[in-house]
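Presented below is the structure to which this report refers.
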Amino acid sequence: MRVPIVLLWWLAAPAALAQTPGDPAMAACLPGLVARAREQGVTPSLAEAQLSGLAADPEVLAATGKQAEFEKPVWAYLDSAVSEEAVTDGRAKLATEASLPAIEAATGVDRHVLAAIWGIESGYGSVLDDPRKVRPVLRSLATLACAGGPRVATWTEELVAALRILDLGRTTPERLTGSWAGAMGHTQFMPTTTLRHALDFDGDGRADIWTSAPDALASTAQYLRTLGWRPGEGWGGEVSLPAGFDYRLADETTARTLAEWRGFGVTSVGRAIGADTDTARLVLPAGARGPAFLLRPNFQALLGYNTAFSYALAVAHLSDRLRGEPGFVQAWPRGDRPLGAEERREIQAALAAKGQPVGEVDGRIGPRSRAAIRAWQAAAGLVPDGYADAALLDRLRGGH
């Protein structure tokens, strides 16, 4: 049985499921959560019964800063998510899960993309019945909601949604298990997403994302459609850049037609990405020394499912591999030393001090931070590829 290691939200720890005695802060917080649930229409007795006596889960709090899709270099994340075992298992599921072609026909969402999400999120369902890997969703969300910080409102909303799922009879307290962040089922829906998008595809009268792969996969397809998935289109693909290419064009936000990109010397690697009039954005996740990608609107839908670029690229790449396509052609700069979160924050702070808008100094190098890096690189006469590496950090530390 394959256990997915790429997301690191399955905190394998039977001890973590045991409640910790004597937790005054949590005890003081829980009545407010019960009151909030009652205000939102949850049956008072249910809210009281499910939340009373909960103790904080320390491993949930520890996990908040260890999300692999934000912490690992993109190539290391892809190595885990798109392993040969994941490809083999996924192709077997495509051959045996009869709902996948039916869901594709009904929704227009590529079955290979659905299978890729399934594989990355839960190892094609392999971890869902492993008590060492899943944890009680209510305890996880209550822990996060009581911990304070900028996302308290979000965690509280998700906790109330989880209670509403129980109140509606959509599952049992024993089955209401998931990740440290409360994501649930075969394709890891948050409780609010479950309430809005869960479907009964297998016809048994229940939208069950925990035990019914057809329900979970159809729900995922519907959700992707609401996020902008375009039937009949791909996600994009790897491209080759010409010598002397102006890397300022790879700004991640400017969409140009594929004909325009070809005019700049950008050519697809392998299959065609689209028609001349189709638009795409150029992205270099590892700078000028790594692979380059033209990303079509469907890639943005994947980012809506999970905002981490590494995650969306892993889904896209695994879907291609499941379809029988080869791996990427351009090598990743695997010899680069990965930067820690504090070093990434140092880069952001240094750029902000130089007048470059990086957004929040949070150690996550996103589009705004990469735009600031490109602007600073261009002003310094460097290749403006937006790549945050040790060399960039050294130059910023040197006062350049």
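FYI, nothing fancy with the structure tokens labels: chains A, B, ... in order, residues from 1 per chain, ligands from 1 as they appear.
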
message: Give me the residues near stretch 46-51 of chain A as a PyMOL selection string, where near means some atom within 10 Å (using only C-alpha atoms) and where sequence neighbours in that chain fewer than 6 positions away do not count.
response: chain A and resi 27+30-31+33-38+138-139+142+159-160+163-164+166-167+173

query: Tell me, which residues of stretch 229-394 of chain A carry DSSP strand (DSSP E), written as number ranges by chain?
result: A: 236-240, 256-257, 267-268, 279-283, 292-295

For the residues selected in the previous step, produce a file with N, CA, C and O atoms as a PDB file, in the first residue's frame.
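Result file is result-v4.pdb:
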```pdb
ATOM      1  N   GLY A 236      -1.213  23.196 -20.332  1.00  0.00           N
ATOM      2  CA  GLY A 236      -0.016  23.866 -20.834  1.00  0.00           C
ATOM      3  C   GLY A 236       1.054  22.836 -21.110  1.00  0.00           C
ATOM      4  O   GLY A 236       0.756  21.675 -21.390  1.00  0.00           O
ATOM      5  N   GLY A 237       2.308  23.236 -20.990  1.00  0.00           N
ATOM      6  CA  GLY A 237       3.379  22.286 -21.217  1.00  0.00           C
ATOM      7  C   GLY A 237       4.746  22.918 -21.147  1.00  0.00           C
ATOM      8  O   GLY A 237       4.898  24.146 -21.037  1.00  0.00           O
ATOM      9  N   GLU A 238       5.761  22.064 -21.197  1.00  0.00           N
ATOM     10  CA  GLU A 238       7.144  22.531 -21.167  1.00  0.00           C
ATOM     11  C   GLU A 238       7.514  23.153 -22.506  1.00  0.00           C
ATOM     12  O   GLU A 238       7.053  22.704 -23.567  1.00  0.00           O
ATOM     13  N   VAL A 239       8.350  24.187 -22.441  1.00  0.00           N
ATOM     14  CA  VAL A 239       8.795  24.867 -23.654  1.00  0.00           C
ATOM     15  C   VAL A 239      10.303  25.078 -23.606  1.00  0.00           C
ATOM     16  O   VAL A 239      10.928  25.008 -22.552  1.00  0.00           O
ATOM     17  N   SER A 240      10.845  25.342 -24.779  1.00  0.00           N
ATOM     18  CA  SER A 240      12.267  25.657 -24.912  1.00  0.00           C
ATOM     19  C   SER A 240      12.418  27.135 -25.246  1.00  0.00           C
ATOM     20  O   SER A 240      11.655  27.682 -26.061  1.00  0.00           O
ATOM     21  N   ARG A 256      -0.073  35.861 -23.373  1.00  0.00           N
ATOM     22  CA  ARG A 256       0.092  36.164 -24.798  1.00  0.00           C
ATOM     23  C   ARG A 256      -0.401  34.966 -25.605  1.00  0.00           C
ATOM     24  O   ARG A 256      -0.460  33.846 -25.093  1.00  0.00           O
ATOM     25  N   THR A 257      -0.730  35.203 -26.855  1.00  0.00           N
ATOM     26  CA  THR A 257      -1.138  34.077 -27.692  1.00  0.00           C
ATOM     27  C   THR A 257       0.068  33.191 -27.956  1.00  0.00           C
ATOM     28  O   THR A 257       1.227  33.639 -27.895  1.00  0.00           O
ATOM     29  N   THR A 267       9.340  27.646 -28.121  1.00  0.00           N
ATOM     30  CA  THR A 267       8.801  26.486 -28.839  1.00  0.00           C
ATOM     31  C   THR A 267       8.415  25.394 -27.848  1.00  0.00           C
ATOM     32  O   THR A 267       9.055  25.218 -26.800  1.00  0.00           O
ATOM     33  N   SER A 268       7.364  24.653 -28.149  1.00  0.00           N
ATOM     34  CA  SER A 268       6.905  23.597 -27.258  1.00  0.00           C
ATOM     35  C   SER A 268       7.858  22.420 -27.295  1.00  0.00           C
ATOM     36  O   SER A 268       8.512  22.154 -28.302  1.00  0.00           O
ATOM     37  N   THR A 279      -4.150  31.512 -25.448  1.00  0.00           N
ATOM     38  CA  THR A 279      -3.239  32.317 -24.644  1.00  0.00           C
ATOM     39  C   THR A 279      -2.584  31.482 -23.550  1.00  0.00           C
ATOM     40  O   THR A 279      -3.130  30.467 -23.094  1.00  0.00           O
ATOM     41  N   ALA A 280      -1.413  31.940 -23.113  1.00  0.00           N
ATOM     42  CA  ALA A 280      -0.672  31.248 -22.052  1.00  0.00           C
ATOM     43  C   ALA A 280       0.270  32.229 -21.381  1.00  0.00           C
ATOM     44  O   ALA A 280       0.634  33.263 -21.953  1.00  0.00           O
ATOM     45  N   ARG A 281       0.661  31.883 -20.158  1.00  0.00           N
ATOM     46  CA  ARG A 281       1.639  32.653 -19.396  1.00  0.00           C
ATOM     47  C   ARG A 281       2.939  31.858 -19.314  1.00  0.00           C
ATOM     48  O   ARG A 281       2.906  30.632 -19.217  1.00  0.00           O
ATOM     49  N   LEU A 282       4.067  32.555 -19.310  1.00  0.00           N
ATOM     50  CA  LEU A 282       5.372  31.900 -19.235  1.00  0.00           C
ATOM     51  C   LEU A 282       5.874  31.945 -17.798  1.00  0.00           C
ATOM     52  O   LEU A 282       5.932  33.017 -17.182  1.00  0.00           O
ATOM     53  N   VAL A 283       6.254  30.773 -17.272  1.00  0.00           N
ATOM     54  CA  VAL A 283       6.696  30.661 -15.886  1.00  0.00           C
ATOM     55  C   VAL A 283       7.977  29.841 -15.828  1.00  0.00           C
ATOM     56  O   VAL A 283       8.104  28.811 -16.494  1.00  0.00           O
ATOM     57  N   ALA A 292      11.133  25.552 -18.381  1.00  0.00           N
ATOM     58  CA  ALA A 292      10.205  26.667 -18.585  1.00  0.00           C
ATOM     59  C   ALA A 292       8.861  26.102 -19.027  1.00  0.00           C
ATOM     60  O   ALA A 292       8.798  25.076 -19.716  1.00  0.00           O
ATOM     61  N   PHE A 293       7.790  26.785 -18.659  1.00  0.00           N
ATOM     62  CA  PHE A 293       6.450  26.286 -18.954  1.00  0.00           C
ATOM     63  C   PHE A 293       5.561  27.407 -19.469  1.00  0.00           C
ATOM     64  O   PHE A 293       5.596  28.527 -18.940  1.00  0.00           O
ATOM     65  N   LEU A 294       4.775  27.085 -20.491  1.00  0.00           N
ATOM     66  CA  LEU A 294       3.656  27.936 -20.867  1.00  0.00           C
ATOM     67  C   LEU A 294       2.408  27.346 -20.220  1.00  0.00           C
ATOM     68  O   LEU A 294       2.090  26.173 -20.413  1.00  0.00           O
ATOM     69  N   LEU A 295       1.727  28.173 -19.446  1.00  0.00           N
ATOM     70  CA  LEU A 295       0.597  27.698 -18.655  1.00  0.00           C
ATOM     71  C   LEU A 295      -0.707  28.255 -19.203  1.00  0.00           C
ATOM     72  O   LEU A 295      -0.873  29.467 -19.342  1.00  0.00           O
TER      73      LEU A 295
END
```

message: Give me the residues near A:Val383 as number ranges by chain, where near means some atom within 10 Å (using only C-alpha atoms) and where sequence neighbours in that chain fewer than 5 positions away do not count.
response: A: 245-248, 287-288, 374, 377-378

What are the closest atom pairs, with distances in Å to one decimal, for all residues of stretch 267-342 of chain A lying within 10 Å of stretch 228-231 of chain A? Consider only C-alpha atoms, order rows by chain and residue number, and present the result as a Markdown table.
```
| residue | atom | partner | partner_atom | distance |
| --- | --- | --- | --- | --- |
| A:Arg296 | CA | A:Arg230 | CA | 9.8 |
| A:Pro297 | CA | A:Trp229 | CA | 7.5 |
| A:Asn298 | CA | A:Trp229 | CA | 5.2 |
| A:Phe299 | CA | A:Trp229 | CA | 8.3 |
| A:Gln300 | CA | A:Gly228 | CA | 7.7 |
| A:Ala301 | CA | A:Gly228 | CA | 5.5 |
| A:Leu302 | CA | A:Trp229 | CA | 8.2 |
| A:Gly304 | CA | A:Gly228 | CA | 8.7 |
```

Output N, CA, C and O atoms of each residue in that selection to a file, as a short mmCIF file (atom, residue, chain, number, x, y, z; two decimals), in the first residue's frame.
```
data_model
loop_
_atom_site.label_atom_id
_atom_site.label_comp_id
_atom_site.auth_asym_id
_atom_site.auth_seq_id
_atom_site.Cartn_x
_atom_site.Cartn_y
_atom_site.Cartn_z
N ARG A 296 -1.62 27.34 -19.50
CA ARG A 296 -2.93 27.69 -20.03
C ARG A 296 -3.92 27.94 -18.87
O ARG A 296 -3.61 27.65 -17.70
N PRO A 297 -5.10 28.47 -19.15
CA PRO A 297 -6.06 28.78 -18.07
C PRO A 297 -6.39 27.60 -17.16
O PRO A 297 -6.69 27.80 -15.98
N ASN A 298 -6.35 26.37 -17.67
CA ASN A 298 -6.67 25.24 -16.79
C ASN A 298 -5.66 25.07 -15.67
O ASN A 298 -5.99 24.50 -14.62
N PHE A 299 -4.45 25.55 -15.87
CA PHE A 299 -3.47 25.48 -14.77
C PHE A 299 -3.93 26.39 -13.63
O PHE A 299 -3.72 26.06 -12.45
N GLN A 300 -4.55 27.51 -13.97
CA GLN A 300 -5.06 28.40 -12.93
C GLN A 300 -6.15 27.73 -12.12
O GLN A 300 -6.28 27.97 -10.91
N ALA A 301 -6.95 26.88 -12.77
CA ALA A 301 -7.97 26.14 -12.03
C ALA A 301 -7.32 25.20 -11.02
O ALA A 301 -7.82 25.05 -9.89
N LEU A 302 -6.20 24.57 -11.39
CA LEU A 302 -5.48 23.71 -10.45
C LEU A 302 -4.94 24.52 -9.27
O LEU A 302 -4.94 24.05 -8.13
N GLY A 304 -6.39 27.05 -8.09
CA GLY A 304 -7.54 27.32 -7.25
C GLY A 304 -7.81 26.18 -6.29
O GLY A 304 -8.30 26.39 -5.17
#
```

- prompt: Which of these, A:Ala161, A:Val134, A:Leu144, A:Val269, has the shortest distance to A:Thr177 once you count only C-alpha atoms?
  reply: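 Of A:Ala161, A:Val134, A:Leu144, A:Val269, the one nearest A:Thr177 is A:Val134, counting only C-alpha atoms.
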
query: Which neighbours of stretch 212-216 of chain A fall inside 8 Å, counting only C-alpha atoms, when residues of the same chain fewer than 2 positions from it are skipped, and could you give them as an MDAnalysis selection string?
result: chainID A and resid 99:100 125 185:187 198:202 207:210 218:220
